[in-house]
Each structure stands twice: as C-alpha cells, then as structure tokens.
Amino acid sequence: MPDDALPARNADPYRALGVRPFINCCAVRTVHGGSLMRPEVRRAVAEASEQFVNLDELMEAAGARLAELTGAEWGLVTCGSAAALSLATAACVAGNDPVKMLRLPFTDGMANRVLMVRRQRFGYDQAIRMVGTHIVEVEDAADLERALDGRVAMIAALGTHEAEGALRLEHLVAAARPLGIPILVDAASEHLERPSPWLVRGADMVIYSGGKFLRGPQTSGLLLGRRGLVRAAWRNASPHQAIGRPMKVSKEDVIGVLAAVEHWIETRDAAAEQRRWRDDLAVIAREIGTAAECEVVEAQGVARVPNLRVRWDRARCALDGDGLRRTLLEGSPRVMLDDMSATAETVTIDPFGLQRGEAAEVGRAIARALLAAGAEVAPAPALVDVSGVWALTTRFLHGERAHRLDLRQSGGKITGAHDSPQFSGAVSGRVTGDAVRFDCVARYEGNDIAYRFRGREQGGAMAGEVGFGTSNDHHQGEVNLAQFGEGSWQARRLSEAEAGAGQRDHAERLIP
C-alpha cells in the first residue's frame, strides 16, 4: 500500500487502547510520560524518519554540533539519561579497549570501584552498577582519601543534592584530578545551561535528560564533557557490539534532541516561561477558592519552576494527599498529582506540563474533590491480634519467597521484624477490624526494597495481596512503592516450639 493510501491516523491513539490521558501536574517524571515534544522537535523527528543515514557519521556530526551549542568538548545523544550513566561508566572502566569492552560486566582486574557521596545515592545508580562496578560511599574528606587508596574508575555525583553534603564538587575535583580519575555529574533533572556549571566547576562529564525540560524525544538523554571520555561512551553504545548494544538510540532521536537543544539555547524565552507558570498557578489558586489554602513555593537550588502548595483542614476533609491524587485520577478531567510531595494535608502542583486552559480545570477538580470528601471518620477498632511469630510465603509472577515475621500489636498498631534470605528489616502496619496492612522495608545499596502486605486474619492464618516496589532517599511515594507489580501471600502463626526452632536455625545461619 503506498504511503498516501494509508488509513487516517486515530486522533487519540491512547483512548483507542482504553488508556485515559491526564493533565500533568507533577512535572517531568518518566513514569508519567516525561514531557511533550515541542512542535519543532516533532517536525524534525518526522523529517528524519524519511531517509537513511549511517549512525556513526550522524553521531560524529551531532557530537560536534552539541559541542558548539553547549560549550562542551563533545556531546553524545543516548537513549535516556539512565543509559548515559551506564555508557559513561563503561567509558571510564573499559574505554574503547575491545578486550575490556567485551568482558563487561565482568570487571575482575580492572578499575571497577565508583565513589559516591553518601546521601547522593539514587534510584538510578543501578545503571552504574550494571556495568560491573561496585559503589563505595564516602562522607567526608577522610573517607574520600581512604577510598582513593585503590583502583577507582570514576566518581559520580547527583547534581540536585550536591550542595547538601560535606564534600562539594570542588573537593572531589581536587582529590581526583591528580590521580586521573574522571568525575561524572547526573544533572538529568536540571535545566541545561551554556556552559554547564558542572563542567565549569571541574566535572569531566555531565548528563541531562533530553525528554524532560528540553522537551525532546522522551527516550533521549545527553552526555556532555571531555572529548575522549564521551567518544569512548559512544563506542560502548549501540549499534556497536558492546555492553550498550541494548541501549539503542535512533536517528530520529538524535535529530529530535538537536532540534530541542537548538531551541533551548538559541530561541527560548525563559522569562515568558516564568510568567506562564505563575499565571497558571494563580488561576489554579483562584479556582480552588476557599476549599483550601494555596501558597506559591519558589524554586530552590538547581530547580527553576515555581510550585503551588495546596493545604486543607483534615478535620473537615477525609482525604490525605495520596487520597486526593487517587480521587482526581478517577475523575473527569483526569488529573495527575505528584505522589512524592504529598502529605497528610497537602499536595504540590508543578505547572511545567500544563497545556493551555488546563490550569482552570485543575483548580476546579481539586475544589470539587475536597468539598465532596466530607469529614474524616475514625478507623474501626482491631478485632484480631496478630502478635506472634509467623511463617509467610510470598508468591511472585515467577517464583516465591519464604519469610519469618515476628509481630507485636498494640491496639491497632503493628510493629516488629521481618527476615528472609537477602531481605530483612522492620515491619510496621495496622489492623482495622480483621483487615491487616503492614509494610516490610530493607535497605539494599542506594535503595529501599519495599513489600506492602494487605489481607485478613482468620483463625491463626493470614492471606491477601502484596505490592512490590522500591524507594530511595530522593524518590519516595506511592508510585515507586508499587512499581514492581503485585503478588499473593499467605501466612501461618507458628507455635512456641516451631518459633524457637526457627530462631535457632536462623542464629546458626549467622555464625561464620
């Protein structure tokens, strides 16, 4: 069938699949679709899709153009900023030495330690570890000196939280540069600046998202910095037969990102953006009216977008922040609020993703939901007591895991401890009637593993559904805690003899 004979495109491909789009009030999170491509980006992508081109030739030219636009020595388009983390790490570990490249992620005998400042661990540092590296946390100058006494491939920093630690970027540069150790800054959630302040301050490479504030293709990222390192990252990337082969970036994405960066650097009106965001926040506050208090929260640190904090009286409204979020997702128009900033009595609205006319709809939807919620009702008292030791089995989509729970209940409150191979931690939850809700959380690397159990107790047995997810110091909320899907669980209360035997077995496993 010739192109001009193709059937008309569906005007709303999402609704055709039964998926309801929403008004985005939570900025540029990937899970919510990132941002919307600018018109000139869409045109560039469409034009790029109509011809063939050699990707090495394209990336060579694109790298030079990115250098011209950003002031960096060279630039690389990646399939998202998480891919840029992996490729930058591969560049530092293996360079473009094929013997090393083809061994990744097996890095024995190579410099495979990556240093990160404590409290800068984040949910994407697995992209660094997947290359075969081991992350070593440092907190102060003494820690850093000890960690540098050995083979170190790279130092990684999280730009949004760099100012919070005792070790600033200048301290890292002063210690690393004499040793020839590269420094990478993840600035994916920041506004691109020319020149990048991170490169000016001494970093060797910096990462920006192409599909967030730049409004380029959602599956795109930028790696900017030292020519040799960034070019080595490209050699570890698709279409080359190296560890980054699964991280394919298309010719359309390359051209789309270039169009986005050109607009951002050459024609964007930052002052007009600020006026539009503040106007939208004012409209939302006006529509909410007396249903809640509204306060503009100015951008802090590396952030640039002002937000609106909405606060209500829980004595008059039963909804907490996440309850309001879920209520608006079920309504019409459908509105997506940020879960990570939601509290018992507030939500925060980010105007970056709002389209023309949506601000008024958001304000009206929030006012309706708050006014219709009614007063908070006290929870039903606990009708069962789950205190004791339990043997619990969790069933995943594939496989299962055995757990041991030691629970204590006071009124409706549950506390205790949880133990499972490779996963142990505290338990907290609540009993309402015979309904049981408790969470198990444990730290692994830079993340918190989270199991969220929901079910009922009857006659010394419990069963129900469990949600799986993860959070970290900088990304917490209901969405992340549910991101790995669901399973089922069942538990049996152990007798004193069984509990004692299980405790002895557990102790024996801990003896070296």
# chains A, B, ... in the order shown; residues from 1 in each chain; ligands from 1

$ residues_around --residues "Val302 of chain A" --least-positions-apart "2" --cutoff "10 Å" --atoms "only C-alpha atoms" --output "compact mmCIF listing (two decimals) with C-alpha atoms, in the first residue's frame"
# COMPACT_ATOMS: atom_id res chain seq x y z
CA GLY A 159 23.64 17.35 40.89
CA THR A 160 20.34 18.10 42.59
CA HIS A 161 21.80 17.17 46.01
CA GLU A 162 25.45 18.05 45.54
CA ALA A 163 25.19 21.08 47.83
CA ALA A 187 22.03 16.58 36.16
CA SER A 189 16.51 16.65 36.31
CA GLU A 190 18.06 20.09 35.79
CA HIS A 191 17.79 22.84 33.20
CA ALA A 299 12.22 27.12 43.19
CA GLN A 300 15.22 26.19 45.34
CA ARG A 304 13.75 26.61 38.12
CA VAL A 305 9.97 26.01 38.19

$ closest_atom_pairs --of "segment 403-428 of chain A" --to "segment 374-389 of chain A" --cutoff "10 Å" --atoms "only C-alpha atoms" --output "Markdown table"
| residue | atom | partner | partner_atom | distance |
| --- | --- | --- | --- | --- |
| A:Arg404 | CA | A:Val389 | CA | 7.1 |
| A:Leu405 | CA | A:Val389 | CA | 5.5 |
| A:Asp406 | CA | A:Val389 | CA | 4.5 |
| A:Leu407 | CA | A:Ser387 | CA | 4.9 |
| A:Arg408 | CA | A:Ser387 | CA | 4.5 |
| A:Gln409 | CA | A:Ser387 | CA | 5.3 |
| A:Ser410 | CA | A:Asp385 | CA | 8.7 |
| A:Gly411 | CA | A:Ala382 | CA | 6.7 |
| A:Gly412 | CA | A:Ala382 | CA | 5.2 |
| A:Lys413 | CA | A:Ala382 | CA | 8.9 |
| A:Ile414 | CA | A:Val386 | CA | 8.1 |
| A:Thr415 | CA | A:Ser387 | CA | 9.1 |
| A:Gly416 | CA | A:Ser387 | CA | 9.0 |
| A:Ala417 | CA | A:Val389 | CA | 9.6 |
| A:His418 | CA | A:Val389 | CA | 9.7 |

$ residues_around --residues "Arg364 of chain A" --least-positions-apart "6" --cutoff "12 Å" --atoms "only C-alpha atoms" --output "ChimeraX atom specification"
/A:283-292,328,331-335,357-358,370-371

$ closest_residue --among "A:Gly353, A:Gly425, A:Gly109, A:Gly459" --to "Arg443 of chain A" --atoms "only C-alpha atoms"
A:Gly425

$ residues_around --residues "Val173 of chain A" --least-positions-apart "6" --cutoff "8 Å" --atoms "only C-alpha atoms" --output "JSON, numbers by chain"
{"A": [183, 202, 203]}

$ select_by_dssp --residues "segment 35-108 of chain A" --states "alpha helix (DSSP H)" --output "ChimeraX atom specification"
/A:39-48,55-70,81-94,98-101

$ write_last_selection --atoms "N, CA and C atoms" --output "short mmCIF file (atom, residue, chain, number, x, y, z; two decimals), in the first residue's frame"
data_model
loop_
_atom_site.label_atom_id
_atom_site.label_comp_id
_atom_site.auth_asym_id
_atom_site.auth_seq_id
_atom_site.Cartn_x
_atom_site.Cartn_y
_atom_site.Cartn_z
N PRO A 39 6.84 21.54 19.09
CA PRO A 39 6.44 21.39 17.67
C PRO A 39 7.62 21.23 16.73
N GLU A 40 8.70 22.03 16.94
CA GLU A 40 9.84 21.92 16.05
C GLU A 40 10.55 20.59 16.20
N VAL A 41 10.47 19.99 17.39
CA VAL A 41 11.06 18.66 17.60
C VAL A 41 10.25 17.61 16.85
N ARG A 42 8.93 17.71 16.93
CA ARG A 42 8.09 16.75 16.19
C ARG A 42 8.35 16.84 14.69
N ARG A 43 8.49 18.06 14.18
CA ARG A 43 8.77 18.21 12.74
C ARG A 43 10.12 17.61 12.38
N ALA A 44 11.13 17.86 13.21
CA ALA A 44 12.46 17.33 12.93
C ALA A 44 12.46 15.81 12.96
N VAL A 45 11.77 15.21 13.93
CA VAL A 45 11.69 13.75 14.01
C VAL A 45 11.00 13.18 12.78
N ALA A 46 9.90 13.82 12.36
CA ALA A 46 9.18 13.33 11.18
C ALA A 46 10.06 13.40 9.94
N GLU A 47 10.78 14.49 9.77
CA GLU A 47 11.65 14.63 8.60
C GLU A 47 12.80 13.63 8.64
N ALA A 48 13.35 13.39 9.84
CA ALA A 48 14.46 12.44 9.96
C ALA A 48 14.03 11.01 9.66
N LEU A 55 24.82 5.77 11.32
CA LEU A 55 24.74 6.30 12.67
C LEU A 55 26.08 6.82 13.18
N ASP A 56 27.20 6.22 12.79
CA ASP A 56 28.49 6.75 13.21
C ASP A 56 28.74 8.13 12.60
N GLU A 57 28.40 8.28 11.32
CA GLU A 57 28.55 9.59 10.69
C GLU A 57 27.63 10.61 11.34
N LEU A 58 26.39 10.19 11.63
CA LEU A 58 25.44 11.10 12.25
C LEU A 58 25.90 11.53 13.63
N MET A 59 26.37 10.56 14.44
CA MET A 59 26.77 10.91 15.79
C MET A 59 28.02 11.76 15.81
N GLU A 60 28.91 11.57 14.84
CA GLU A 60 30.10 12.42 14.74
C GLU A 60 29.68 13.87 14.51
N ALA A 61 28.76 14.06 13.59
CA ALA A 61 28.30 15.42 13.29
C ALA A 61 27.48 15.98 14.44
N ALA A 62 26.64 15.15 15.04
CA ALA A 62 25.80 15.61 16.15
C ALA A 62 26.66 15.97 17.36
N GLY A 63 27.71 15.18 17.60
CA GLY A 63 28.59 15.48 18.72
C GLY A 63 29.25 16.83 18.57
N ALA A 64 29.68 17.14 17.33
CA ALA A 64 30.30 18.45 17.08
C ALA A 64 29.28 19.57 17.25
N ARG A 65 28.04 19.36 16.78
CA ARG A 65 27.01 20.38 16.91
C ARG A 65 26.63 20.60 18.37
N LEU A 66 26.54 19.54 19.15
CA LEU A 66 26.25 19.69 20.57
C LEU A 66 27.37 20.44 21.28
N ALA A 67 28.62 20.19 20.88
CA ALA A 67 29.73 20.92 21.46
C ALA A 67 29.60 22.41 21.15
N GLU A 68 29.24 22.72 19.91
CA GLU A 68 29.06 24.11 19.52
C GLU A 68 27.94 24.79 20.31
N LEU A 69 26.84 24.07 20.53
CA LEU A 69 25.68 24.64 21.21
C LEU A 69 25.89 24.78 22.71
N THR A 70 26.57 23.80 23.32
CA THR A 70 26.64 23.75 24.80
C THR A 70 27.96 24.24 25.37
N SER A 81 18.66 9.32 30.01
CA SER A 81 19.79 9.69 30.87
C SER A 81 20.30 8.52 31.68
N ALA A 82 19.45 7.52 31.99
CA ALA A 82 19.95 6.33 32.68
C ALA A 82 20.94 5.57 31.81
N ALA A 83 20.67 5.51 30.50
CA ALA A 83 21.64 4.89 29.59
C ALA A 83 22.94 5.67 29.58
N ALA A 84 22.85 6.99 29.70
CA ALA A 84 24.07 7.80 29.74
C ALA A 84 24.92 7.45 30.95
N LEU A 85 24.27 7.14 32.08
CA LEU A 85 25.01 6.70 33.27
C LEU A 85 25.81 5.44 32.97
N SER A 86 25.16 4.46 32.35
CA SER A 86 25.84 3.20 32.04
C SER A 86 26.98 3.40 31.04
N LEU A 87 26.72 4.17 30.01
CA LEU A 87 27.72 4.35 28.97
C LEU A 87 28.91 5.16 29.48
N ALA A 88 28.64 6.18 30.31
CA ALA A 88 29.75 6.94 30.89
C ALA A 88 30.60 6.06 31.79
N THR A 89 29.94 5.19 32.55
CA THR A 89 30.68 4.27 33.42
C THR A 89 31.52 3.30 32.60
N ALA A 90 30.92 2.77 31.53
CA ALA A 90 31.67 1.86 30.66
C ALA A 90 32.88 2.56 30.06
N ALA A 91 32.73 3.83 29.72
CA ALA A 91 33.85 4.58 29.17
C ALA A 91 34.99 4.69 30.17
N CYS A 92 34.64 4.88 31.44
CA CYS A 92 35.67 5.02 32.48
C CYS A 92 36.32 3.69 32.83
N VAL A 93 35.57 2.61 32.74
CA VAL A 93 36.10 1.29 33.09
C VAL A 93 36.87 0.67 31.94
N ALA A 94 36.30 0.73 30.72
CA ALA A 94 36.86 -0.01 29.59
C ALA A 94 37.39 0.86 28.46
N PRO A 98 38.86 -3.08 23.20
CA PRO A 98 37.92 -4.18 22.95
C PRO A 98 38.07 -5.36 23.91
N VAL A 99 39.28 -5.60 24.41
CA VAL A 99 39.46 -6.69 25.36
C VAL A 99 38.65 -6.43 26.62
N LYS A 100 38.70 -5.20 27.12
CA LYS A 100 37.92 -4.85 28.29
C LYS A 100 36.43 -4.71 27.95
N MET A 101 36.12 -4.09 26.84
CA MET A 101 34.73 -3.83 26.48
C MET A 101 33.92 -5.12 26.40
#

$ closest_residue --among "A:Met205, A:Cys79, A:Ile181, A:Leu481" --to "Val249 of chain A" --atoms "only C-alpha atoms"
A:Cys79

$ atom_distance --atom1 "atom CA of Ser428 of chain A" --atom2 "atom CA of Phe396 of chain A"
21.6 Å

$ residues_around --residues "segment 113-125 of chain A" --least-positions-apart "4" --cutoff "8 Å" --atoms "only C-alpha atoms" --output "number ranges by chain"
A: 82, 85, 129, 133-139, 147, 151-158, 161-162, 165, 167, 446-447, 471-475

$ select_by_dssp --residues "segment 212-389 of chain A" --states "strand (DSSP E)" --output "list of chain:residue names"
A:Gly221, A:Leu222, A:Leu223, A:Leu224, A:Gly225, A:Glu293, A:Cys294, A:Glu295, A:Val296, A:Val297, A:Asn307, A:Leu308, A:Arg309, A:Val310, A:Arg311, A:Val335, A:Met336, A:Thr346, A:Val347, A:Thr348, A:Ile349, A:Gly388, A:Val389

$ write_last_selection --atoms "N, CA, C and O atoms" --output "PDB file, in the first residue's frame"
ATOM      1  N   GLY A 221      18.665  11.206  25.996  1.00  0.00           N
ATOM      2  CA  GLY A 221      19.484  11.865  27.010  1.00  0.00           C
ATOM      3  C   GLY A 221      20.707  12.462  26.360  1.00  0.00           C
ATOM      4  O   GLY A 221      21.007  12.211  25.183  1.00  0.00           O
ATOM      5  N   LEU A 222      21.433  13.284  27.130  1.00  0.00           N
ATOM      6  CA  LEU A 222      22.653  13.904  26.642  1.00  0.00           C
ATOM      7  C   LEU A 222      23.798  13.600  27.601  1.00  0.00           C
ATOM      8  O   LEU A 222      23.657  13.743  28.815  1.00  0.00           O
ATOM      9  N   LEU A 223      24.934  13.201  27.047  1.00  0.00           N
ATOM     10  CA  LEU A 223      26.175  13.081  27.798  1.00  0.00           C
ATOM     11  C   LEU A 223      27.143  14.083  27.206  1.00  0.00           C
ATOM     12  O   LEU A 223      27.507  13.994  26.030  1.00  0.00           O
ATOM     13  N   LEU A 224      27.541  15.066  28.023  1.00  0.00           N
ATOM     14  CA  LEU A 224      28.429  16.136  27.575  1.00  0.00           C
ATOM     15  C   LEU A 224      29.709  16.100  28.382  1.00  0.00           C
ATOM     16  O   LEU A 224      29.697  15.728  29.555  1.00  0.00           O
ATOM     17  N   GLY A 225      30.833  16.526  27.756  1.00  0.00           N
ATOM     18  CA  GLY A 225      32.060  16.609  28.530  1.00  0.00           C
ATOM     19  C   GLY A 225      33.308  16.389  27.721  1.00  0.00           C
ATOM     20  O   GLY A 225      33.356  16.737  26.526  1.00  0.00           O
ATOM     21  N   GLU A 293      -6.102  26.320  51.288  1.00  0.00           N
ATOM     22  CA  GLU A 293      -5.143  27.415  51.250  1.00  0.00           C
ATOM     23  C   GLU A 293      -4.088  27.117  50.186  1.00  0.00           C
ATOM     24  O   GLU A 293      -3.643  25.978  50.054  1.00  0.00           O
ATOM     25  N   CYS A 294      -3.699  28.150  49.452  1.00  0.00           N
ATOM     26  CA  CYS A 294      -2.714  27.975  48.386  1.00  0.00           C
ATOM     27  C   CYS A 294      -1.535  28.917  48.597  1.00  0.00           C
ATOM     28  O   CYS A 294      -1.715  30.085  48.954  1.00  0.00           O
ATOM     29  N   GLU A 295      -0.337  28.395  48.363  1.00  0.00           N
ATOM     30  CA  GLU A 295       0.885  29.170  48.567  1.00  0.00           C
ATOM     31  C   GLU A 295       1.882  28.833  47.474  1.00  0.00           C
ATOM     32  O   GLU A 295       2.170  27.658  47.210  1.00  0.00           O
ATOM     33  N   VAL A 296       2.417  29.861  46.814  1.00  0.00           N
ATOM     34  CA  VAL A 296       3.451  29.644  45.804  1.00  0.00           C
ATOM     35  C   VAL A 296       4.770  29.321  46.505  1.00  0.00           C
ATOM     36  O   VAL A 296       5.190  30.023  47.421  1.00  0.00           O
ATOM     37  N   VAL A 297       5.400  28.228  46.086  1.00  0.00           N
ATOM     38  CA  VAL A 297       6.688  27.810  46.626  1.00  0.00           C
ATOM     39  C   VAL A 297       7.747  28.087  45.570  1.00  0.00           C
ATOM     40  O   VAL A 297       7.719  27.496  44.489  1.00  0.00           O
ATOM     41  N   ASN A 307       6.260  26.174  42.265  1.00  0.00           N
ATOM     42  CA  ASN A 307       5.169  25.235  42.505  1.00  0.00           C
ATOM     43  C   ASN A 307       4.080  25.897  43.340  1.00  0.00           C
ATOM     44  O   ASN A 307       4.271  26.988  43.886  1.00  0.00           O
ATOM     45  N   LEU A 308       2.944  25.230  43.446  1.00  0.00           N
ATOM     46  CA  LEU A 308       1.847  25.687  44.285  1.00  0.00           C
ATOM     47  C   LEU A 308       1.569  24.622  45.337  1.00  0.00           C
ATOM     48  O   LEU A 308       1.298  23.463  44.993  1.00  0.00           O
ATOM     49  N   ARG A 309       1.658  24.994  46.616  1.00  0.00           N
ATOM     50  CA  ARG A 309       1.314  24.071  47.685  1.00  0.00           C
ATOM     51  C   ARG A 309      -0.141  24.314  48.098  1.00  0.00           C
ATOM     52  O   ARG A 309      -0.529  25.433  48.419  1.00  0.00           O
ATOM     53  N   VAL A 310      -0.930  23.245  48.085  1.00  0.00           N
ATOM     54  CA  VAL A 310      -2.347  23.304  48.437  1.00  0.00           C
ATOM     55  C   VAL A 310      -2.528  22.597  49.774  1.00  0.00           C
ATOM     56  O   VAL A 310      -2.160  21.423  49.918  1.00  0.00           O
ATOM     57  N   ARG A 311      -3.080  23.305  50.755  1.00  0.00           N
ATOM     58  CA  ARG A 311      -3.234  22.763  52.101  1.00  0.00           C
ATOM     59  C   ARG A 311      -4.702  22.877  52.536  1.00  0.00           C
ATOM     60  O   ARG A 311      -5.336  23.903  52.333  1.00  0.00           O
ATOM     61  N   VAL A 335      -6.695  14.101  36.378  1.00  0.00           N
ATOM     62  CA  VAL A 335      -5.580  14.956  36.777  1.00  0.00           C
ATOM     63  C   VAL A 335      -4.564  14.114  37.542  1.00  0.00           C
ATOM     64  O   VAL A 335      -4.927  13.357  38.448  1.00  0.00           O
ATOM     65  N   MET A 336      -3.286  14.246  37.180  1.00  0.00           N
ATOM     66  CA  MET A 336      -2.214  13.526  37.858  1.00  0.00           C
ATOM     67  C   MET A 336      -1.465  14.483  38.772  1.00  0.00           C
ATOM     68  O   MET A 336      -0.862  15.458  38.319  1.00  0.00           O
ATOM     69  N   THR A 346      -1.516  18.068  52.365  1.00  0.00           N
ATOM     70  CA  THR A 346      -1.066  18.940  51.285  1.00  0.00           C
ATOM     71  C   THR A 346      -0.760  18.149  50.023  1.00  0.00           C
ATOM     72  O   THR A 346      -0.455  16.952  50.069  1.00  0.00           O
ATOM     73  N   VAL A 347      -0.843  18.861  48.904  1.00  0.00           N
ATOM     74  CA  VAL A 347      -0.289  18.389  47.636  1.00  0.00           C
ATOM     75  C   VAL A 347       0.465  19.555  47.016  1.00  0.00           C
ATOM     76  O   VAL A 347       0.223  20.721  47.362  1.00  0.00           O
ATOM     77  N   THR A 348       1.374  19.247  46.105  1.00  0.00           N
ATOM     78  CA  THR A 348       2.150  20.274  45.422  1.00  0.00           C
ATOM     79  C   THR A 348       1.920  20.158  43.922  1.00  0.00           C
ATOM     80  O   THR A 348       1.971  19.052  43.368  1.00  0.00           O
ATOM     81  N   ILE A 349       1.664  21.274  43.291  1.00  0.00           N
ATOM     82  CA  ILE A 349       1.364  21.301  41.860  1.00  0.00           C
ATOM     83  C   ILE A 349       2.519  21.946  41.120  1.00  0.00           C
ATOM     84  O   ILE A 349       2.942  23.059  41.433  1.00  0.00           O
ATOM     85  N   GLY A 388       2.896 -12.352  67.487  1.00  0.00           N
ATOM     86  CA  GLY A 388       3.460 -13.698  67.435  1.00  0.00           C
ATOM     87  C   GLY A 388       4.422 -13.853  66.277  1.00  0.00           C
ATOM     88  O   GLY A 388       4.761 -12.895  65.578  1.00  0.00           O
ATOM     89  N   VAL A 389       4.870 -15.075  66.093  1.00  0.00           N
ATOM     90  CA  VAL A 389       5.813 -15.400  65.024  1.00  0.00           C
ATOM     91  C   VAL A 389       5.054 -16.106  63.906  1.00  0.00           C
ATOM     92  O   VAL A 389       4.259 -17.020  64.166  1.00  0.00           O
TER      93      VAL A 389
END

$ residues_around --residues "Arg325 of chain A" --least-positions-apart "2" --cutoff "9 Å" --atoms "only C-alpha atoms" --output "MDAnalysis selection string"
chainID A and resid 320:323 327:330 335:339 342 347

$ closest_residue --among "A:Gly80, A:Pro21, A:Gly132, A:Gly429" --to "Ile243 of chain A" --atoms "only C-alpha atoms"
A:Gly132

$ atom_distance --atom1 "atom CA of Ala369 of chain A" --atom2 "atom CA of Thr343 of chain A"
16.2 Å

$ closest_residue --among "A:Ala359, A:Met130, A:Ala442, A:Val466" --to "Asn24 of chain A" --atoms "only C-alpha atoms"
A:Ala359

$ decode --residues "segment 438-447 of chain A" --atoms "all heavy atoms" --output "PDB file, in the first residue's frame"
ATOM      1  N   PHE A 438       0.468  -4.199  56.500  1.00  0.00           N
ATOM      2  CA  PHE A 438       1.798  -3.943  57.046  1.00  0.00           C
ATOM      3  C   PHE A 438       2.819  -3.897  55.923  1.00  0.00           C
ATOM      4  O   PHE A 438       2.620  -4.496  54.858  1.00  0.00           O
ATOM      5  CB  PHE A 438       2.190  -4.971  58.112  1.00  0.00           C
ATOM      6  CG  PHE A 438       2.209  -6.398  57.637  1.00  0.00           C
ATOM      7  CD1 PHE A 438       3.379  -6.983  57.191  1.00  0.00           C
ATOM      8  CD2 PHE A 438       1.055  -7.179  57.669  1.00  0.00           C
ATOM      9  CE1 PHE A 438       3.410  -8.302  56.771  1.00  0.00           C
ATOM     10  CE2 PHE A 438       1.070  -8.500  57.254  1.00  0.00           C
ATOM     11  CZ  PHE A 438       2.249  -9.064  56.806  1.00  0.00           C
ATOM     12  N   ASP A 439       3.890  -3.163  56.189  1.00  0.00           N
ATOM     13  CA  ASP A 439       4.956  -2.971  55.211  1.00  0.00           C
ATOM     14  C   ASP A 439       6.260  -3.523  55.755  1.00  0.00           C
ATOM     15  O   ASP A 439       6.543  -3.406  56.946  1.00  0.00           O
ATOM     16  CB  ASP A 439       5.154  -1.488  54.888  1.00  0.00           C
ATOM     17  CG  ASP A 439       3.909  -0.837  54.310  1.00  0.00           C
ATOM     18  OD1 ASP A 439       3.038  -1.569  53.811  1.00  0.00           O
ATOM     19  OD2 ASP A 439       3.819   0.405  54.368  1.00  0.00           O
ATOM     20  N   CYS A 440       7.054  -4.111  54.881  1.00  0.00           N
ATOM     21  CA  CYS A 440       8.404  -4.560  55.206  1.00  0.00           C
ATOM     22  C   CYS A 440       9.371  -3.795  54.316  1.00  0.00           C
ATOM     23  O   CYS A 440       9.214  -3.790  53.089  1.00  0.00           O
ATOM     24  CB  CYS A 440       8.562  -6.051  54.954  1.00  0.00           C
ATOM     25  SG  CYS A 440       7.496  -7.091  55.961  1.00  0.00           S
ATOM     26  N   VAL A 441      10.340  -3.147  54.921  1.00  0.00           N
ATOM     27  CA  VAL A 441      11.292  -2.328  54.181  1.00  0.00           C
ATOM     28  C   VAL A 441      12.708  -2.708  54.592  1.00  0.00           C
ATOM     29  O   VAL A 441      12.970  -2.917  55.778  1.00  0.00           O
ATOM     30  CB  VAL A 441      11.053  -0.829  54.448  1.00  0.00           C
ATOM     31  CG1 VAL A 441      12.071   0.016  53.706  1.00  0.00           C
ATOM     32  CG2 VAL A 441       9.637  -0.428  54.042  1.00  0.00           C
ATOM     33  N   ALA A 442      13.605  -2.809  53.615  1.00  0.00           N
ATOM     34  CA  ALA A 442      15.007  -3.115  53.906  1.00  0.00           C
ATOM     35  C   ALA A 442      15.884  -2.382  52.910  1.00  0.00           C
ATOM     36  O   ALA A 442      15.509  -2.176  51.752  1.00  0.00           O
ATOM     37  CB  ALA A 442      15.270  -4.616  53.831  1.00  0.00           C
ATOM     38  N   ARG A 443      17.048  -1.968  53.356  1.00  0.00           N
ATOM     39  CA  ARG A 443      17.985  -1.218  52.514  1.00  0.00           C
ATOM     40  C   ARG A 443      18.823  -2.172  51.678  1.00  0.00           C
ATOM     41  O   ARG A 443      19.306  -3.188  52.173  1.00  0.00           O
ATOM     42  CB  ARG A 443      18.901  -0.377  53.390  1.00  0.00           C
ATOM     43  CG  ARG A 443      19.734   0.651  52.622  1.00  0.00           C
ATOM     44  CD  ARG A 443      18.900   1.818  52.185  1.00  0.00           C
ATOM     45  NE  ARG A 443      19.713   2.936  51.703  1.00  0.00           N
ATOM     46  CZ  ARG A 443      19.188   4.071  51.271  1.00  0.00           C
ATOM     47  NH1 ARG A 443      17.876   4.239  51.282  1.00  0.00           N
ATOM     48  NH2 ARG A 443      19.974   5.036  50.841  1.00  0.00           N
ATOM     49  N   TYR A 444      18.984  -1.846  50.398  1.00  0.00           N
ATOM     50  CA  TYR A 444      19.944  -2.551  49.551  1.00  0.00           C
ATOM     51  C   TYR A 444      20.627  -1.514  48.667  1.00  0.00           C
ATOM     52  O   TYR A 444      19.955  -0.816  47.896  1.00  0.00           O
ATOM     53  CB  TYR A 444      19.289  -3.626  48.694  1.00  0.00           C
ATOM     54  CG  TYR A 444      20.305  -4.344  47.835  1.00  0.00           C
ATOM     55  CD1 TYR A 444      21.175  -5.264  48.411  1.00  0.00           C
ATOM     56  CD2 TYR A 444      20.430  -4.060  46.488  1.00  0.00           C
ATOM     57  CE1 TYR A 444      22.137  -5.897  47.640  1.00  0.00           C
ATOM     58  CE2 TYR A 444      21.390  -4.685  45.710  1.00  0.00           C
ATOM     59  CZ  TYR A 444      22.242  -5.610  46.293  1.00  0.00           C
ATOM     60  OH  TYR A 444      23.208  -6.233  45.538  1.00  0.00           O
ATOM     61  N   GLU A 445      21.958  -1.425  48.760  1.00  0.00           N
ATOM     62  CA  GLU A 445      22.706  -0.410  48.031  1.00  0.00           C
ATOM     63  C   GLU A 445      22.061   0.956  48.288  1.00  0.00           C
ATOM     64  O   GLU A 445      21.865   1.332  49.421  1.00  0.00           O
ATOM     65  CB  GLU A 445      22.768  -0.759  46.538  1.00  0.00           C
ATOM     66  CG  GLU A 445      23.640  -1.957  46.247  1.00  0.00           C
ATOM     67  CD  GLU A 445      25.125  -1.630  46.204  1.00  0.00           C
ATOM     68  OE1 GLU A 445      25.485  -0.450  46.096  1.00  0.00           O
ATOM     69  OE2 GLU A 445      25.945  -2.563  46.287  1.00  0.00           O
ATOM     70  N   GLY A 446      21.683   1.695  47.251  1.00  0.00           N
ATOM     71  CA  GLY A 446      21.112   3.019  47.452  1.00  0.00           C
ATOM     72  C   GLY A 446      19.610   3.037  47.511  1.00  0.00           C
ATOM     73  O   GLY A 446      18.999   4.115  47.464  1.00  0.00           O
ATOM     74  N   ASN A 447      18.979   1.865  47.626  1.00  0.00           N
ATOM     75  CA  ASN A 447      17.534   1.785  47.541  1.00  0.00           C
ATOM     76  C   ASN A 447      16.925   1.087  48.749  1.00  0.00           C
ATOM     77  O   ASN A 447      17.594   0.315  49.441  1.00  0.00           O
ATOM     78  CB  ASN A 447      17.118   1.012  46.277  1.00  0.00           C
ATOM     79  CG  ASN A 447      17.513   1.730  45.014  1.00  0.00           C
ATOM     80  OD1 ASN A 447      16.824   2.624  44.557  1.00  0.00           O
ATOM     81  ND2 ASN A 447      18.643   1.335  44.434  1.00  0.00           N
TER      82      ASN A 447
END
